[in-house]
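One file, query15.txt, carrying compact mmCIF, C-alpha atoms:
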# COMPACT_ATOMS: atom_id res chain seq x y z
CA MET A 1 -131.13 100.89 88.36
CA ARG A 2 -129.06 99.11 90.98
CA TYR A 3 -125.99 100.21 92.90
CA ALA A 4 -123.29 98.34 94.81
CA ILE A 5 -120.47 99.31 97.16
CA TYR A 6 -117.36 97.41 96.15
CA PHE A 7 -113.66 97.40 96.77
CA ALA A 8 -111.82 98.00 93.50
CA PRO A 9 -108.28 99.16 92.84
CA PRO A 10 -107.81 102.28 90.69
CA SER A 11 -108.07 101.80 86.92
CA ASP A 12 -104.31 102.30 86.47
CA ASP A 13 -103.37 99.76 89.16
CA ARG A 14 -101.52 96.70 87.81
CA LEU A 15 -103.88 94.25 89.51
CA SER A 16 -106.89 96.10 88.16
CA GLN A 17 -105.49 96.08 84.63
CA THR A 18 -104.43 92.42 84.80
CA ALA A 19 -107.81 91.30 86.13
CA SER A 20 -109.73 93.39 83.60
CA ARG A 21 -107.79 91.79 80.75
CA TRP A 22 -108.38 88.35 82.26
CA LEU A 23 -112.12 89.02 82.47
CA GLY A 24 -112.21 90.65 79.03
CA ARG A 25 -113.82 93.88 80.18
CA ASP A 26 -112.87 97.17 81.85
CA ALA A 27 -115.55 98.19 84.36
CA PHE A 28 -114.22 101.76 84.41
CA THR A 29 -114.81 102.36 80.70
CA GLY A 30 -117.28 99.55 80.01
CA GLY A 31 -115.13 98.53 77.05
CA ALA A 32 -114.28 94.98 75.98
CA LEU A 33 -110.65 93.85 76.24
CA ASP A 34 -108.75 91.06 74.51
CA CYS A 35 -108.11 88.18 76.88
CA PRO A 36 -104.45 87.16 77.14
CA GLU A 37 -103.38 83.93 75.46
CA ASN A 38 -102.87 81.20 78.03
CA PRO A 39 -101.53 77.75 77.12
CA ALA A 40 -103.32 76.11 80.07
CA LEU A 41 -106.75 77.29 78.94
CA GLY A 42 -108.20 77.93 75.50
CA ARG A 43 -109.58 81.39 74.73
CA GLU A 44 -113.10 80.07 74.15
CA ASP A 45 -113.15 78.27 77.52
CA GLN A 46 -111.79 81.37 79.22
CA MET A 47 -114.48 83.60 77.74
CA VAL A 48 -117.26 81.19 78.74
CA LEU A 49 -115.99 80.60 82.28
CA THR A 50 -115.47 84.29 83.01
CA ALA A 51 -118.81 85.47 81.60
CA GLU A 52 -120.47 85.98 85.00
CA PRO A 53 -117.74 88.07 86.69
CA ARG A 54 -117.19 89.94 83.41
CA ARG A 55 -120.64 91.53 83.76
CA TYR A 56 -119.91 92.69 87.30
CA GLY A 57 -116.35 93.90 86.67
CA PHE A 58 -113.33 93.22 88.86
CA HIS A 59 -114.33 93.88 92.47
CA GLY A 60 -114.70 92.65 96.02
CA THR A 61 -118.25 92.92 97.38
CA LEU A 62 -118.83 95.09 100.44
CA LYS A 63 -122.52 95.97 100.02
CA ALA A 64 -124.20 93.72 97.46
CA PRO A 65 -126.25 95.23 94.58
CA PHE A 66 -129.44 96.96 95.66
CA GLU A 67 -132.18 99.14 94.25
CA LEU A 68 -132.72 102.49 95.94
CA THR A 69 -135.64 102.83 98.30
CA PRO A 70 -138.09 105.51 97.05
CA GLN A 71 -137.25 107.65 100.09
CA ARG A 72 -133.64 108.14 98.92
CA SER A 73 -132.15 109.64 95.75
CA GLU A 74 -128.93 108.98 93.90
CA ALA A 75 -127.65 112.32 95.20
CA ASP A 76 -128.31 111.11 98.77
CA LEU A 77 -126.40 107.91 98.05
CA ILE A 78 -123.42 109.74 96.56
CA ALA A 79 -123.25 112.09 99.54
CA ALA A 80 -123.29 109.14 101.95
CA PHE A 81 -120.67 107.36 99.84
CA ASP A 82 -118.40 110.42 100.03
CA GLU A 83 -118.77 110.59 103.82
CA PHE A 84 -118.20 106.88 104.27
CA ALA A 85 -114.99 106.84 102.21
CA ALA A 86 -113.61 109.81 104.14
CA GLU A 87 -114.21 108.09 107.50
CA ILE A 88 -112.37 104.82 106.71
CA GLU A 89 -108.60 104.76 106.87
CA PRO A 90 -106.69 102.87 104.17
CA PHE A 91 -104.99 99.63 105.15
CA GLU A 92 -103.13 96.69 103.68
CA VAL A 93 -104.08 93.05 103.42
CA PRO A 94 -100.77 91.30 104.28
CA SER A 95 -101.07 88.61 101.60
CA ILE A 96 -103.57 87.45 98.99
CA ALA A 97 -104.03 83.90 97.77
CA LEU A 98 -105.75 82.12 94.90
CA HIS A 99 -108.62 80.17 96.39
CA GLN A 100 -111.48 78.01 95.17
CA ILE A 101 -114.87 78.80 96.70
CA GLY A 102 -117.09 75.93 95.62
CA PRO A 103 -116.91 75.94 91.81
CA PHE A 104 -115.57 79.52 91.64
CA PHE A 105 -112.00 80.82 91.73
CA ALA A 106 -111.10 84.09 93.44
CA LEU A 107 -108.32 86.03 95.09
CA VAL A 108 -108.80 86.16 98.85
CA SER A 109 -106.96 87.31 101.94
CA ALA A 110 -104.54 84.53 102.85
CA LYS A 111 -105.37 85.02 106.55
CA ALA A 112 -108.18 86.61 108.50
CA CYS A 113 -108.00 90.40 108.13
CA PRO A 114 -109.95 92.32 110.81
CA GLU A 115 -109.74 95.57 108.84
CA LEU A 116 -111.47 93.94 105.86
CA GLN A 117 -114.20 92.51 108.08
CA HIS A 118 -114.73 95.91 109.67
CA LEU A 119 -114.91 97.68 106.30
CA ALA A 120 -117.49 95.22 104.98
CA GLU A 121 -119.58 95.34 108.15
CA GLN A 122 -119.63 99.13 108.17
CA ALA A 123 -120.57 99.23 104.48
CA VAL A 124 -123.47 96.82 105.02
CA ARG A 125 -124.82 98.85 107.94
CA ARG A 126 -124.21 102.33 106.55
CA PHE A 127 -125.94 101.77 103.23
CA GLU A 128 -128.81 99.62 104.47
CA PRO A 129 -131.16 102.66 104.75
CA PHE A 130 -130.73 103.14 100.99
CA ARG A 131 -131.73 99.60 100.03
CA ALA A 132 -135.20 98.85 98.73
CA ALA A 133 -136.77 95.63 100.01
CA LEU A 134 -136.08 92.57 97.88
CA SER A 135 -138.88 91.31 95.68
CA GLU A 136 -140.05 87.71 95.86
CA ALA A 137 -138.18 87.09 92.60
CA ASP A 138 -134.97 88.52 94.08
CA LEU A 139 -135.31 86.28 97.12
CA ALA A 140 -135.91 83.25 94.92
CA ARG A 141 -132.78 83.99 92.87
CA ARG A 142 -130.73 83.54 96.02
CA LYS A 143 -132.02 79.95 96.30
CA PRO A 144 -132.81 80.21 100.02
CA GLU A 145 -133.39 76.46 100.21
CA ARG A 146 -129.62 76.02 99.77
CA LEU A 147 -128.73 78.52 102.51
CA THR A 148 -128.21 77.91 106.20
CA GLN A 149 -130.72 79.26 108.69
CA ARG A 150 -128.40 82.15 109.60
CA GLN A 151 -127.84 82.99 105.94
CA ARG A 152 -131.59 83.04 105.30
CA GLU A 153 -132.00 85.40 108.25
CA TYR A 154 -129.31 87.69 106.88
CA LEU A 155 -130.90 87.60 103.43
CA ALA A 156 -134.25 88.64 104.90
CA ALA A 157 -132.76 91.35 107.14
CA TRP A 158 -129.93 92.73 105.00
CA GLY A 159 -130.69 91.68 101.42
CA TYR A 160 -127.63 89.44 101.16
CA PRO A 161 -126.85 86.16 102.92
CA TYR A 162 -123.07 86.58 103.20
CA VAL A 163 -122.64 89.41 105.68
CA PHE A 164 -120.97 89.79 109.09
CA ASP A 165 -119.74 86.37 110.31
CA GLU A 166 -120.75 84.83 106.94
CA PHE A 167 -118.69 87.33 104.95
CA GLN A 168 -115.61 86.20 103.06
CA PHE A 169 -113.81 88.85 101.08
CA HIS A 170 -113.08 87.66 97.55
CA LEU A 171 -112.11 89.13 94.22
CA THR A 172 -113.98 86.90 91.79
CA LEU A 173 -112.07 85.63 88.76
CA THR A 174 -114.41 83.01 87.31
CA GLY A 175 -117.95 81.79 87.14
CA PRO A 176 -118.72 78.17 88.00
CA VAL A 177 -115.94 75.95 86.65
CA PRO A 178 -116.72 72.30 85.81
CA GLU A 179 -114.73 69.82 87.87
CA GLU A 180 -112.76 68.57 84.88
CA MET A 181 -111.58 72.14 84.26
CA HIS A 182 -110.40 72.87 87.82
CA ARG A 183 -106.78 71.93 87.23
CA PRO A 184 -106.25 73.84 83.95
CA MET A 185 -108.13 76.84 85.36
CA ARG A 186 -105.95 76.95 88.47
CA LYS A 187 -102.82 76.67 86.35
CA ALA A 188 -103.99 79.48 84.07
CA LEU A 189 -104.84 81.75 87.00
CA GLU A 190 -101.55 81.04 88.76
CA THR A 191 -99.76 82.09 85.58
CA VAL A 192 -101.76 85.26 85.01
CA PHE A 193 -101.76 86.44 88.64
CA THR A 194 -98.34 85.15 89.71
CA GLU A 195 -96.99 88.62 90.57
CA PHE A 196 -99.88 89.25 92.99
CA ILE A 197 -100.33 85.88 94.73
CA GLY A 198 -98.59 85.88 98.10
CA LYS A 199 -98.15 89.66 98.00
CA PRO A 200 -99.89 92.44 99.95
CA LEU A 201 -103.04 94.14 98.68
CA ALA A 202 -103.48 97.85 99.32
CA VAL A 203 -107.08 98.69 100.25
CA SER A 204 -106.94 102.41 99.64
CA THR A 205 -109.99 103.01 97.44
CA ILE A 206 -113.67 102.19 97.43
CA ALA A 207 -116.01 102.16 94.44
CA LEU A 208 -119.65 102.85 93.75
CA PHE A 209 -120.77 100.59 90.90
CA ALA A 210 -124.01 101.00 88.97
CA GLU A 211 -126.19 98.76 86.81
CA GLU A 212 -128.46 100.79 84.55
CA ARG A 213 -130.99 97.99 84.16
CA ARG A 214 -131.25 94.40 85.32
CA GLY A 215 -128.83 92.22 83.42
CA ALA A 216 -126.76 95.12 82.08
CA PRO A 217 -123.02 95.26 82.82
CA PHE A 218 -122.00 96.99 86.03
CA THR A 219 -119.74 100.00 85.59
CA VAL A 220 -117.77 102.14 88.02
CA HIS A 221 -119.84 105.21 88.80
CA SER A 222 -117.08 106.70 90.95
CA LEU A 223 -113.98 105.71 92.86
CA LEU A 224 -112.91 107.40 96.09
CA PRO A 225 -109.76 107.17 98.19
CA LEU A 226 -110.24 105.95 101.72
CA GLY A 227 -109.55 108.67 104.24
CA GLY A 228 -110.45 111.43 101.77
CA ALA A 229 -106.84 111.85 100.67
CA SER A 230 -107.66 113.12 97.18
CA GLU A 231 -110.50 114.18 94.94
CA ARG A 232 -113.30 111.98 93.62
CA LYS A 233 -112.53 110.07 90.43
CA ILE A 234 -115.58 109.83 88.19
CA ALA A 235 -115.49 106.81 85.89

Just dump the structure as structure tokens.
Amino acid sequence: MRYAIYFAPPSDDRLSQTASRWLGRDAFTGGALDCPENPALGREDQMVLTAEPRRYGFHGTLKAPFELTPQRSEADLIAAFDEFAAEIEPFEVPSIALHQIGPFFALVSAKACPELQHLAEQAVRRFEPFRAALSEADLARRKPERLTQRQREYLAAWGYPYVFDEFQFHLTLTGPVPEEMHRPMRKALETVFTEFIGKPLAVSTIALFAEERRGAPFTVHSLLPLGGASERKIA
């Protein structure tokens, strides 16, 4: 069993619904969804190129997936998650943009957003006591030989190489896209997400995701409002 602390909009949010349809899966219910027809990209290509983010569900990573240390229980984690959500005030990212990160496409903050950086940093630190040490196999999966020295240090210390000054908030929309598919993929994504690109993003909820076993799809365990404005929403 692994857990992750992610940003995710509520299940009834238009961005959440649009992204879930794009990925072909609803992380709140775990159910498969029909991908929308897109003239820029065939359905088969879309299904193949979204396979990786489909398993994780639509989200922005704050604390990367981790197994619980034996000293902590799921009940301990949930209690800490409740406290954390209540302490963070909701905020708004002024504008989001479609961006290519290496071979991946994602929605990102168009400009640096200190509130996002603070949220991610606090999540990494707050939930570190719950994280079991990475196994040698887990470390190898991160391909440390491809990381910078600082990223390797973060991986060893925090279980994830992209934290603090290496963190870049992103809402992943694809897996690796071959170079010859970059143009049609961008066109397809611009069409699907046109109503969100260049617009603000409300960061008013935080999600606890769970993976029942390695390789299984991640699902939303629970979603909480930032600032404790309303009751817990169990997925």

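Picture a line from CA of Pro184 in chain A to CA of His99 in chain A; it runs 14.2 Å.
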
Within 6 Å of range 165-181 of chain A, counting only C-alpha atoms, which residues show up once you throw out same-chain ones fewer than 2 positions away? Write them as a list in words, please. Leu49, Thr50, Glu52, His59, Gly60, Pro103, Phe104, Phe105, Ala106, Leu107, Val108, Tyr162, Val163, Arg183, Pro184 and Met185 of chain A

Around all the atoms of range 93-110 of chain A listed in the file, draw an axis-aligned box and extend it by 3 Å on each of the six sides; I want its centre and edge lengths in Å to one decimal, as AutoDock Vina command-line options.
--center_x -108.9 --center_y 84.5 --center_z 98.0 --size_x 22.3 --size_y 23.1 --size_z 18.6

Between CA of Glu128 in chain A and CA of Ala157 in chain A lies a distance of 9.5 Å

### Selection: 10 Å around Asn38 in chain A, only C-alpha atoms, excl. self and same-chain fewer than 5 positions, as a list in words
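Residues meeting the cut-off are Trp22, Arg43, Gln46, Lys187, Ala188, Leu189, Thr191 and Val192 of chain A.
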
Please compute the CA of Pro53 in chain A-CA of Ala140 in chain A distance, one decimal, in Å.
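Distance between the two atoms: 20.5 Å.
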
Range 178-230 of chain A residues near range 63-71 of chain A within 10 Å, closest pair each, using only C-alpha atoms, as CSV:
residue,atom,partner,partner_atom,distance
A:Leu208,CA,A:Lys63,CA,9.7
A:Phe209,CA,A:Pro65,CA,8.5
A:Ala210,CA,A:Pro65,CA,8.4
A:Glu211,CA,A:Pro65,CA,8.5
A:Phe218,CA,A:Pro65,CA,9.7

*asked:* My list of candidates is A:Pro129, A:Gly57, A:Gly102, A:Pro36. Which is closest to Phe193 in chain A when distances are computed with all atoms listed in the file?
replied: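 The shortest atom-to-atom distance to Phe193 in chain A comes from A:Pro36.
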
- Query: So which residues fall inside 8 Å of (-115.3, 102.4, 95.3) if we count only C-alpha atoms? Mind giving them as a ChimeraX atom specification?
  - Reply: /A:5-8,205-209,220,222-225

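With all atoms listed in the file as the basis for measurement, A:Phe130 is the residue among A:Phe130, A:Ala216, A:Thr194, A:Leu139 that approaches Ala75 in chain A most closely.
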
Restricting the calculation to all atoms listed in the file: of A:Asp45, A:Arg21, A:Arg126, A:Ala202, which residue gets closest to Ala85 in chain A?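 Comparing A:Asp45, A:Arg21, A:Arg126, A:Ala202 against Ala85 in chain A, the winner is A:Arg126.
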
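Closest approach to Ile78 in chain A among A:Ala110, A:Ala4, A:Leu201, A:Leu226: A:Ala4, based on all atoms listed in the file.
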
_Would you pick out the contacts of Lys143 in chain A at 12 Å or less, using all atoms listed in the file, so that residues sharing its chain but fewer than 4 positions from it are not included, and give the list as a list in words?_
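Result of the neighbour search: Glu136, Ala137, Asp138, Leu139, Leu147, Thr148, Gln151, Arg152, Leu155, Tyr160 and Pro161 of chain A.
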
Got time to write the residues from that selection, C-alpha atoms, as a compact mmCIF listing (two decimals), keeping the file's coordinate frame?
# COMPACT_ATOMS: atom_id res chain seq x y z
CA GLU A 136 -140.05 87.71 95.86
CA ALA A 137 -138.18 87.09 92.60
CA ASP A 138 -134.97 88.52 94.08
CA LEU A 139 -135.31 86.28 97.12
CA LEU A 147 -128.73 78.52 102.51
CA THR A 148 -128.21 77.91 106.20
CA GLN A 151 -127.84 82.99 105.94
CA ARG A 152 -131.59 83.04 105.30
CA LEU A 155 -130.90 87.60 103.43
CA TYR A 160 -127.63 89.44 101.16
CA PRO A 161 -126.85 86.16 102.92

Report task. For Ala51 in chain A, work out the shell of residues within 8 Å, counting only C-alpha atoms and skipping chain neighbours fewer than 3 positions away, then give it as a ChimeraX atom specification. Result -> /A:23,47-48,54-55,174-175

Residue nearest Phe196 in chain A among A:Cys113, A:Val93, A:Ala132, A:Leu77 (counting all atoms listed in the file)
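That would be A:Val93, the residue with the smallest distance to Phe196 in chain A.
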
Nearest residue to Ala123 in chain A out of A:Ile197, A:Cys35, A:Leu15, A:Ala80, using all atoms listed in the file?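 Between A:Ile197, A:Cys35, A:Leu15, A:Ala80, the residue approaching Ala123 in chain A most closely is A:Ala80.
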
- request: Counting all atoms listed in the file, find the residues whose atoms lie at most 7 Å from (-96.2, 86.3, 101.5) (file coordinates) and write them out as a list in words.
  value: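 Residues close enough to count: Ser95, Gly198 and Lys199 of chain A.
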